[in-house]
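**Q** Take this structure, written in structure tokens, and hold onto it; I'll ask about it next.
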Amino acid sequence: ASDSVSVSQFPTLNRYIMGKTGDKELAILLMALQLACKATSRACNKAGIAMLFGLAGEVNSTGDDQKKLDVLSNEIFIDALTNCGACAVLVSEENEDPIFVPQEKAGRFVVAFDPLDGSSNIDCNVSTGTIFAVYEKQHSGPATVNDILRTGNDITVAGYCMYGAATELVITFKGHGVHRFTLDPSLGEFVHIQARVKLPEGGGKKIYSCNEGNSRNWDAAIKSIIAKWKDSDKPYAARYVGSMVSDVHRTILYGGIYLYPADAKSKHGKLRVLYEGFPMAFIMEQAGGSASCGMFKGKIQRLLDIVPESIHEKCPVVIGCNRDVDAVLEEYKIQG
Ligand code: AHM
Ligand code: MG
């Protein structure tokens, strides 16, 4: 039946963007981003056939081994964004330094992105994703790194694209709520499938999502709340893909909590502020959920309030429905 449905009943992402902004430069930027997502989706689909699995032989900004698909998707995003005429600075997980767009191609926006997050899942065909945050430069002069070292509250557009059973782009645009678009491969377009996505009422399914293999290094509060969830009359289910995009996507749609807390070995957790923590926190809050760092540098901190001092800085991430994030914060009070 769906094949016979008229396309006009399902607005495309392009039509949605044009309807939401008179800002042509921002529209062009978002079109470049979605083109890069489509190209990355195609590369992921063909990876086995095109011999794109495996290592590229380099390490990235955080010292991880780069996969061929990591490198390829990074090139795709950098090429699309530097040439669209709308960007001034780019920060990629895969590049140690910020990328300054040459003056003749530079525009008003600044983009932080992780081109292919979930590296450990690439070679076994488990879903991965792209995560991005867009800011607007606050002055007309040439861009500096300070244009991106800002709180998450300044984000203009945040989104992620999940390369899963279907390719899905989830975006929140200037505070207009969270919207889902699925790539129709035969049309080559992202089609709007759900407007103003909200987490389920009351917090939804009782699911916790974290790498429990790290539990011996967790602090007392995290150990205690997870133990309580497992020991309750209706125990929580554990679900962990190990790709942040998939784990957060499920949390938004089904409910529950996703956490990558600080621990005794990693005082800042694992995830990067600019292109993992911030965009996901922004989307989670827009969808009616909560986003905290839990206990970080001696106090409870809302994730979007952090001011990063360097581009690859990390922060602990505790995000999901209010019921479960509040329970974590309450546990910090109980444990003192
Ligand atoms: P990456 O940027 O190297 O892919 O790491 C980020 C990923 C997240 O997608 C995921 O939530 C987390 O790392 C999983 O880490 P771990 O393997 O320690 O559980
Ligand atoms: Mg990553």
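Order determines the names: the first chain of the structure tokens is A, the second B, and so forth; residues in each chain are numbered 1 upward, and ligands are numbered 1 upward as they are shown.
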As a ChimeraX atom specification, please: every protein or nucleic acid residue near ligand 1 (cut-off 10 Å, counting only C-alpha atoms and all ligand atoms).
**A** /A:60,62-66,70,93-94,114-122,127-131,209-214,240-248,258-260,269-272,275-276,317
**Q** Can you list, as a ChimeraX atom specification, every residue of stretch 102-318 of chain A that DSSP puts in helix (DSSP H, G or I)?
**A** /A:103-105,119-124,145-147,152-154,201-203,212-217,220-231,244-254,273-286,303-305
**Q** For the residues in the current selection, export C-alpha atoms as an mmCIF file, in the first residue's frame.
**A**
data_model
loop_
_atom_site.group_PDB
_atom_site.id
_atom_site.type_symbol
_atom_site.label_atom_id
_atom_site.label_comp_id
_atom_site.auth_asym_id
_atom_site.auth_seq_id
_atom_site.Cartn_x
_atom_site.Cartn_y
_atom_site.Cartn_z
ATOM 1 C CA GLN A 103 37.676 32.941 3.550
ATOM 2 C CA GLU A 104 36.270 32.818 0.006
ATOM 3 C CA LYS A 105 34.039 29.854 0.906
ATOM 4 C CA SER A 119 33.376 2.602 15.554
ATOM 5 C CA SER A 120 33.452 -0.718 17.369
ATOM 6 C CA ASN A 121 30.255 -1.703 15.522
ATOM 7 C CA ILE A 122 31.358 -0.819 11.986
ATOM 8 C CA ASP A 123 32.930 -4.110 10.955
ATOM 9 C CA CYS A 124 30.143 -6.359 12.260
ATOM 10 C CA VAL A 145 38.065 28.436 17.973
ATOM 11 C CA ASN A 146 36.088 30.469 20.533
ATOM 12 C CA ASP A 147 33.162 30.446 18.109
ATOM 13 C CA GLY A 152 25.260 23.698 24.499
ATOM 14 C CA ASN A 153 22.468 26.197 25.145
ATOM 15 C CA ASP A 154 23.730 28.185 22.124
ATOM 16 C CA GLU A 201 4.587 9.782 29.163
ATOM 17 C CA GLY A 202 5.869 8.859 32.637
ATOM 18 C CA GLY A 203 9.274 7.721 31.326
ATOM 19 C CA GLU A 212 28.214 -2.427 32.780
ATOM 20 C CA GLY A 213 31.681 -3.869 32.249
ATOM 21 C CA ASN A 214 32.947 -0.610 33.741
ATOM 22 C CA SER A 215 30.918 -1.013 36.944
ATOM 23 C CA ARG A 216 33.787 -1.777 39.311
ATOM 24 C CA ASN A 217 35.088 1.754 38.640
ATOM 25 C CA ALA A 220 28.660 4.636 44.804
ATOM 26 C CA ALA A 221 25.601 6.466 43.438
ATOM 27 C CA ILE A 222 25.729 4.870 39.981
ATOM 28 C CA LYS A 223 26.431 1.429 41.454
ATOM 29 C CA SER A 224 23.517 1.845 43.856
ATOM 30 C CA ILE A 225 20.873 3.077 41.390
ATOM 31 C CA ILE A 226 21.650 0.323 38.869
ATOM 32 C CA ALA A 227 21.466 -2.260 41.662
ATOM 33 C CA LYS A 228 18.074 -0.820 42.746
ATOM 34 C CA TRP A 229 16.734 -0.979 39.185
ATOM 35 C CA LYS A 230 17.799 -4.607 38.880
ATOM 36 C CA ASP A 231 16.429 -5.551 42.291
ATOM 37 C CA MET A 244 25.384 6.102 21.142
ATOM 38 C CA VAL A 245 23.040 7.029 18.302
ATOM 39 C CA SER A 246 21.137 3.736 18.533
ATOM 40 C CA ASP A 247 21.066 3.688 22.321
ATOM 41 C CA VAL A 248 19.821 7.286 22.504
ATOM 42 C CA HIS A 249 17.328 6.752 19.671
ATOM 43 C CA ARG A 250 15.794 3.796 21.505
ATOM 44 C CA THR A 251 15.706 5.811 24.735
ATOM 45 C CA ILE A 252 13.786 8.638 23.036
ATOM 46 C CA LEU A 253 11.276 6.268 21.428
ATOM 47 C CA TYR A 254 10.832 3.645 24.189
ATOM 48 C CA VAL A 273 31.230 17.265 24.776
ATOM 49 C CA LEU A 274 30.976 19.068 21.441
ATOM 50 C CA TYR A 275 29.865 16.333 19.077
ATOM 51 C CA GLU A 276 28.429 13.622 21.350
ATOM 52 C CA GLY A 277 27.268 15.086 24.684
ATOM 53 C CA PHE A 278 25.862 18.455 23.568
ATOM 54 C CA PRO A 279 23.843 17.489 20.494
ATOM 55 C CA MET A 280 22.338 14.441 22.208
ATOM 56 C CA ALA A 281 21.532 16.455 25.360
ATOM 57 C CA PHE A 282 19.907 19.187 23.256
ATOM 58 C CA ILE A 283 17.759 16.649 21.395
ATOM 59 C CA MET A 284 16.849 14.830 24.626
ATOM 60 C CA GLU A 285 15.661 18.050 26.302
ATOM 61 C CA GLN A 286 13.738 19.072 23.176
ATOM 62 C CA LEU A 303 24.985 18.853 30.523
ATOM 63 C CA LEU A 304 24.148 21.800 28.243
ATOM 64 C CA ASP A 305 25.536 24.295 30.798
#
**Q** What is the distance, in Å and to one decimal place, between atom CA of A:Ala32 and atom CA of A:Lys314?
**A** 27.1 Å
**Q** Write out as a VMD selection string all residues of stretch 10-229 of chain A that DSSP puts in strand (DSSP E) for this structure's backbone.
**A** chain A and resid 55 to 59 65 to 67 87 to 92 99 to 100 109 to 117 128 to 136 157 to 163 167 to 173 178 to 184 189 to 194 207 to 209
**Q** Would you save the residues of that selection, restricted to C-alpha atoms, as a compact mmCIF listing (two decimals), in the first residue's frame?
**A**
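And here is the file that came out, again.txt:
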# COMPACT_ATOMS: atom_id res chain seq x y z
CA LEU A 55 41.56 -0.27 9.60
CA ALA A 56 42.89 2.67 7.63
CA GLY A 57 46.23 2.54 9.45
CA GLU A 58 45.96 5.90 11.26
CA VAL A 59 44.85 7.02 14.75
CA ASP A 65 42.51 3.39 15.43
CA GLN A 66 40.74 4.84 12.41
CA LYS A 67 38.61 2.51 10.31
CA CYS A 87 30.41 27.24 7.34
CA ALA A 88 33.28 29.07 9.01
CA VAL A 89 34.79 26.41 11.30
CA LEU A 90 34.37 22.66 11.54
CA VAL A 91 35.27 20.39 14.43
CA SER A 92 35.40 16.67 13.68
CA ILE A 99 39.19 23.10 10.29
CA PHE A 100 38.96 26.74 9.22
CA PHE A 109 27.94 28.75 10.81
CA VAL A 110 30.11 26.51 12.91
CA VAL A 111 29.59 22.74 12.93
CA ALA A 112 30.86 20.08 15.35
CA PHE A 113 30.37 16.49 14.22
CA ASP A 114 31.29 12.89 14.73
CA PRO A 115 31.05 11.55 11.16
CA LEU A 116 30.70 7.87 12.11
CA ASP A 117 30.09 7.20 15.78
CA THR A 128 26.36 3.32 13.63
CA GLY A 129 25.52 7.00 13.29
CA THR A 130 26.56 10.58 12.61
CA ILE A 131 26.07 13.21 15.34
CA PHE A 132 26.19 16.97 14.74
CA ALA A 133 25.63 20.37 16.33
CA VAL A 134 25.39 23.67 14.44
CA TYR A 135 26.08 27.09 15.97
CA GLU A 136 25.89 30.56 14.50
CA VAL A 157 20.43 22.87 15.11
CA ALA A 158 21.31 19.48 16.56
CA GLY A 159 20.80 16.11 14.97
CA TYR A 160 21.91 12.59 14.39
CA CYS A 161 21.62 10.16 11.52
CA MET A 162 21.32 6.47 12.33
CA TYR A 163 22.61 3.93 9.84
CA THR A 167 18.68 5.24 7.66
CA GLU A 168 16.98 7.80 9.84
CA LEU A 169 17.78 11.45 10.43
CA VAL A 170 16.52 13.00 13.66
CA ILE A 171 16.83 16.74 13.89
CA THR A 172 15.85 19.62 16.12
CA PHE A 173 15.86 22.91 14.42
CA VAL A 178 12.38 16.90 17.44
CA HIS A 179 11.52 15.51 14.00
CA ARG A 180 12.16 12.11 12.41
CA PHE A 181 12.97 11.61 8.72
CA THR A 182 13.57 8.21 7.12
CA LEU A 183 15.64 7.83 3.98
CA ASP A 184 13.57 6.36 1.17
CA GLU A 189 15.11 11.63 -0.03
CA PHE A 190 14.56 11.85 3.70
CA VAL A 191 10.82 11.68 4.31
CA HIS A 192 9.18 13.22 7.39
CA ILE A 193 7.70 10.37 9.43
CA GLN A 194 7.09 11.93 12.84
CA ILE A 207 15.43 0.18 30.43
CA TYR A 208 18.94 1.12 31.50
CA SER A 209 21.66 1.37 28.88
**Q** What does the structure give for the distance between atom CA of A:Lys24 and atom CA of A:Ile155, in Å to one decimal?
**A** 17.9 Å
**Q** For a test of reading the model, state the distance in Å between atom CA of A:Lys198 and atom CA of A:Ala327, rounded to one decimal.
**A**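 Going from atom CA of A:Lys198 over to atom CA of A:Ala327, I get 19.7 Å.
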**Q** Could you tell me which of A:Lys205, A:His312, A:Lys38, A:His268 comes closest to ligand 2 if we count only C-alpha atoms and all ligand atoms?
**A**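 Of all the options, A:His312 lies closest to ligand 2.
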**Q** A:Lys46, A:Asn74, A:Ile257, A:Arg302: which is nearest ligand 2, counting only C-alpha atoms and all ligand atoms?
**A**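 Result for the nearest residue to ligand 2: A:Asn74.
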**Q** Give the answer as one residue: which of A:Thr144, A:Asn83, A:Ser73, A:Gln34 has the shortest atom-to-atom distance to A:Leu13, using only C-alpha atoms?
**A**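 Checking each candidate against A:Leu13, we get A:Gln34 as the closest.
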**Q** Would you pick out the contacts of A:Met31 at 12 Å or less, using only C-alpha atoms, so that residues sharing its chain but fewer than 6 positions from it are not included, and give the list as a VMD selection string?
**A** chain A and resid 12 to 18 24 to 25 37 to 38 77 80 to 81 83 to 86 189 to 190
**Q** Write a file of the just-selected residues containing N, CA and C atoms, as a PDB file, in the first residue's frame.
**A**
ATOM      1  N   THR A  12       9.298  16.040   2.360  1.00  0.00           N
ATOM      2  CA  THR A  12      10.714  15.705   2.457  1.00  0.00           C
ATOM      3  C   THR A  12      11.387  16.654   3.439  1.00  0.00           C
ATOM      4  N   LEU A  13      12.595  16.269   3.828  1.00  0.00           N
ATOM      5  CA  LEU A  13      13.379  17.120   4.728  1.00  0.00           C
ATOM      6  C   LEU A  13      13.633  18.484   4.075  1.00  0.00           C
ATOM      7  N   ASN A  14      13.920  18.473   2.780  1.00  0.00           N
ATOM      8  CA  ASN A  14      14.152  19.752   2.096  1.00  0.00           C
ATOM      9  C   ASN A  14      12.944  20.676   2.221  1.00  0.00           C
ATOM     10  N   ARG A  15      11.770  20.118   2.007  1.00  0.00           N
ATOM     11  CA  ARG A  15      10.572  20.946   2.089  1.00  0.00           C
ATOM     12  C   ARG A  15      10.362  21.439   3.530  1.00  0.00           C
ATOM     13  N   TYR A  16      10.641  20.550   4.470  1.00  0.00           N
ATOM     14  CA  TYR A  16      10.510  20.923   5.887  1.00  0.00           C
ATOM     15  C   TYR A  16      11.456  22.085   6.217  1.00  0.00           C
ATOM     16  N   ILE A  17      12.711  21.959   5.768  1.00  0.00           N
ATOM     17  CA  ILE A  17      13.706  23.007   6.055  1.00  0.00           C
ATOM     18  C   ILE A  17      13.268  24.337   5.433  1.00  0.00           C
ATOM     19  N   MET A  18      12.858  24.301   4.185  1.00  0.00           N
ATOM     20  CA  MET A  18      12.463  25.540   3.507  1.00  0.00           C
ATOM     21  C   MET A  18      11.261  26.174   4.205  1.00  0.00           C
ATOM     22  N   LYS A  24      18.462  31.387   4.090  1.00  0.00           N
ATOM     23  CA  LYS A  24      18.900  30.512   2.981  1.00  0.00           C
ATOM     24  C   LYS A  24      20.238  29.851   3.289  1.00  0.00           C
ATOM     25  N   GLU A  25      21.102  30.566   4.010  1.00  0.00           N
ATOM     26  CA  GLU A  25      22.423  30.003   4.310  1.00  0.00           C
ATOM     27  C   GLU A  25      22.285  28.780   5.223  1.00  0.00           C
ATOM     28  N   CYS A  37      25.055  12.728   4.922  1.00  0.00           N
ATOM     29  CA  CYS A  37      24.444  11.558   5.598  1.00  0.00           C
ATOM     30  C   CYS A  37      24.050  10.495   4.571  1.00  0.00           C
ATOM     31  N   LYS A  38      23.488  10.934   3.453  1.00  0.00           N
ATOM     32  CA  LYS A  38      23.103   9.964   2.410  1.00  0.00           C
ATOM     33  C   LYS A  38      24.341   9.251   1.862  1.00  0.00           C
ATOM     34  N   PHE A  77      31.916  14.411   4.983  1.00  0.00           N
ATOM     35  CA  PHE A  77      31.356  15.556   5.731  1.00  0.00           C
ATOM     36  C   PHE A  77      32.190  16.821   5.542  1.00  0.00           C
ATOM     37  N   ALA A  80      31.531  18.203   2.009  1.00  0.00           N
ATOM     38  CA  ALA A  80      30.201  18.816   1.856  1.00  0.00           C
ATOM     39  C   ALA A  80      30.126  20.143   2.605  1.00  0.00           C
ATOM     40  N   LEU A  81      30.689  20.176   3.807  1.00  0.00           N
ATOM     41  CA  LEU A  81      30.525  21.380   4.644  1.00  0.00           C
ATOM     42  C   LEU A  81      31.464  22.513   4.246  1.00  0.00           C
ATOM     43  N   ASN A  83      32.519  23.135   1.276  1.00  0.00           N
ATOM     44  CA  ASN A  83      32.179  23.666  -0.052  1.00  0.00           C
ATOM     45  C   ASN A  83      30.765  24.226  -0.163  1.00  0.00           C
ATOM     46  N   CYS A  84      29.976  24.148   0.916  1.00  0.00           N
ATOM     47  CA  CYS A  84      28.582  24.608   0.783  1.00  0.00           C
ATOM     48  C   CYS A  84      28.468  26.126   0.922  1.00  0.00           C
ATOM     49  N   GLY A  85      29.525  26.774   1.412  1.00  0.00           N
ATOM     50  CA  GLY A  85      29.504  28.241   1.509  1.00  0.00           C
ATOM     51  C   GLY A  85      28.841  28.770   2.774  1.00  0.00           C
ATOM     52  N   ALA A  86      28.438  27.872   3.682  1.00  0.00           N
ATOM     53  CA  ALA A  86      27.700  28.326   4.868  1.00  0.00           C
ATOM     54  C   ALA A  86      28.492  28.172   6.171  1.00  0.00           C
ATOM     55  N   GLU A 189      15.509  10.474  -0.841  1.00  0.00           N
ATOM     56  CA  GLU A 189      15.106  11.632  -0.025  1.00  0.00           C
ATOM     57  C   GLU A 189      14.776  11.189   1.393  1.00  0.00           C
ATOM     58  N   PHE A 190      15.041  12.072   2.341  1.00  0.00           N
ATOM     59  CA  PHE A 190      14.564  11.851   3.704  1.00  0.00           C
ATOM     60  C   PHE A 190      13.108  12.300   3.770  1.00  0.00           C
TER      61      PHE A 190
END
**Q** Can you list, as a list in words, every protein, DNA or RNA residue that comes within 12 Å of A:Ile300 when you count only C-alpha atoms, leaving out same-chain residues fewer than 2 positions away?
**A**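 Counting only C-alpha atoms, the residues come to Ala262, Ala291, Ser292, Cys293, Gly294, Met295, Phe296, Lys297, Gly298, Arg302, Leu303, Asp305, Ile306, Pro316, Val317, Val318, Val325, Asp326, Val328, Leu329, Glu330, Glu331, Tyr332, Lys333 and Gly336 of chain A.
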**Q** Please dump the current selection as a PDB file, in the first residue's frame; keep N, CA and C atoms.
**A**
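Okay, out-v4.pdb is ready:
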ATOM      1  N   ALA A 262      31.102   9.252  34.636  1.00  0.00           N
ATOM      2  CA  ALA A 262      32.507   9.348  35.035  1.00  0.00           C
ATOM      3  C   ALA A 262      32.809   8.118  35.882  1.00  0.00           C
ATOM      4  N   ALA A 291      18.953  15.857  30.612  1.00  0.00           N
ATOM      5  CA  ALA A 291      20.340  15.568  30.251  1.00  0.00           C
ATOM      6  C   ALA A 291      21.256  16.167  31.298  1.00  0.00           C
ATOM      7  N   SER A 292      21.956  15.281  31.994  1.00  0.00           N
ATOM      8  CA  SER A 292      22.832  15.711  33.080  1.00  0.00           C
ATOM      9  C   SER A 292      24.203  15.066  32.898  1.00  0.00           C
ATOM     10  N   CYS A 293      25.183  15.606  33.621  1.00  0.00           N
ATOM     11  CA  CYS A 293      26.472  14.912  33.698  1.00  0.00           C
ATOM     12  C   CYS A 293      26.519  14.032  34.937  1.00  0.00           C
ATOM     13  N   GLY A 294      25.449  14.063  35.759  1.00  0.00           N
ATOM     14  CA  GLY A 294      25.573  13.437  37.070  1.00  0.00           C
ATOM     15  C   GLY A 294      26.578  14.244  37.867  1.00  0.00           C
ATOM     16  N   MET A 295      27.385  13.570  38.677  1.00  0.00           N
ATOM     17  CA  MET A 295      28.406  14.263  39.474  1.00  0.00           C
ATOM     18  C   MET A 295      29.640  14.474  38.618  1.00  0.00           C
ATOM     19  N   PHE A 296      30.010  15.745  38.427  1.00  0.00           N
ATOM     20  CA  PHE A 296      31.139  16.066  37.542  1.00  0.00           C
ATOM     21  C   PHE A 296      31.887  17.245  38.155  1.00  0.00           C
ATOM     22  N   LYS A 297      33.161  17.075  38.391  1.00  0.00           N
ATOM     23  CA  LYS A 297      34.005  18.099  39.025  1.00  0.00           C
ATOM     24  C   LYS A 297      33.386  18.565  40.342  1.00  0.00           C
ATOM     25  N   GLY A 298      32.887  17.594  41.114  1.00  0.00           N
ATOM     26  CA  GLY A 298      32.413  17.880  42.470  1.00  0.00           C
ATOM     27  C   GLY A 298      31.005  18.425  42.579  1.00  0.00           C
ATOM     28  N   ARG A 302      23.973  20.231  34.847  1.00  0.00           N
ATOM     29  CA  ARG A 302      23.171  20.040  33.631  1.00  0.00           C
ATOM     30  C   ARG A 302      24.144  20.025  32.455  1.00  0.00           C
ATOM     31  N   LEU A 303      23.964  19.060  31.561  1.00  0.00           N
ATOM     32  CA  LEU A 303      24.985  18.853  30.523  1.00  0.00           C
ATOM     33  C   LEU A 303      25.161  20.083  29.622  1.00  0.00           C
ATOM     34  N   ASP A 305      24.937  23.100  30.164  1.00  0.00           N
ATOM     35  CA  ASP A 305      25.536  24.295  30.798  1.00  0.00           C
ATOM     36  C   ASP A 305      27.059  24.270  30.820  1.00  0.00           C
ATOM     37  N   ILE A 306      27.651  23.147  30.461  1.00  0.00           N
ATOM     38  CA  ILE A 306      29.116  23.070  30.474  1.00  0.00           C
ATOM     39  C   ILE A 306      29.689  24.064  29.465  1.00  0.00           C
ATOM     40  N   PRO A 316      30.873  13.342  31.416  1.00  0.00           N
ATOM     41  CA  PRO A 316      29.977  12.225  31.717  1.00  0.00           C
ATOM     42  C   PRO A 316      28.585  12.523  31.148  1.00  0.00           C
ATOM     43  N   VAL A 317      27.871  11.476  30.761  1.00  0.00           N
ATOM     44  CA  VAL A 317      26.556  11.647  30.127  1.00  0.00           C
ATOM     45  C   VAL A 317      25.518  10.784  30.849  1.00  0.00           C
ATOM     46  N   VAL A 318      24.457  11.429  31.332  1.00  0.00           N
ATOM     47  CA  VAL A 318      23.350  10.729  31.982  1.00  0.00           C
ATOM     48  C   VAL A 318      22.081  11.316  31.362  1.00  0.00           C
ATOM     49  N   VAL A 325      16.541   9.881  35.103  1.00  0.00           N
ATOM     50  CA  VAL A 325      17.638  10.831  35.357  1.00  0.00           C
ATOM     51  C   VAL A 325      17.469  11.417  36.759  1.00  0.00           C
ATOM     52  N   ASP A 326      16.232  11.765  37.136  1.00  0.00           N
ATOM     53  CA  ASP A 326      15.992  12.280  38.491  1.00  0.00           C
ATOM     54  C   ASP A 326      16.399  11.255  39.544  1.00  0.00           C
ATOM     55  N   VAL A 328      18.782   9.084  39.362  1.00  0.00           N
ATOM     56  CA  VAL A 328      20.248   9.098  39.490  1.00  0.00           C
ATOM     57  C   VAL A 328      20.668  10.283  40.350  1.00  0.00           C
ATOM     58  N   LEU A 329      20.087  11.455  40.076  1.00  0.00           N
ATOM     59  CA  LEU A 329      20.488  12.658  40.826  1.00  0.00           C
ATOM     60  C   LEU A 329      20.086  12.542  42.296  1.00  0.00           C
ATOM     61  N   GLU A 330      18.927  11.927  42.532  1.00  0.00           N
ATOM     62  CA  GLU A 330      18.459  11.697  43.906  1.00  0.00           C
ATOM     63  C   GLU A 330      19.446  10.780  44.644  1.00  0.00           C
ATOM     64  N   GLU A 331      19.969   9.792  43.918  1.00  0.00           N
ATOM     65  CA  GLU A 331      20.911   8.840  44.508  1.00  0.00           C
ATOM     66  C   GLU A 331      22.188   9.557  44.959  1.00  0.00           C
ATOM     67  N   TYR A 332      22.609  10.579  44.185  1.00  0.00           N
ATOM     68  CA  TYR A 332      23.782  11.350  44.608  1.00  0.00           C
ATOM     69  C   TYR A 332      23.520  12.052  45.931  1.00  0.00           C
ATOM     70  N   LYS A 333      22.254  12.509  46.127  1.00  0.00           N
ATOM     71  CA  LYS A 333      21.914  13.169  47.414  1.00  0.00           C
ATOM     72  C   LYS A 333      21.945  12.134  48.536  1.00  0.00           C
ATOM     73  N   GLY A 336      25.342  11.205  49.480  1.00  0.00           N
ATOM     74  CA  GLY A 336      26.104  12.356  50.038  1.00  0.00           C
ATOM     75  C   GLY A 336      27.212  12.764  49.132  1.00  0.00           C
TER      76      GLY A 336
END
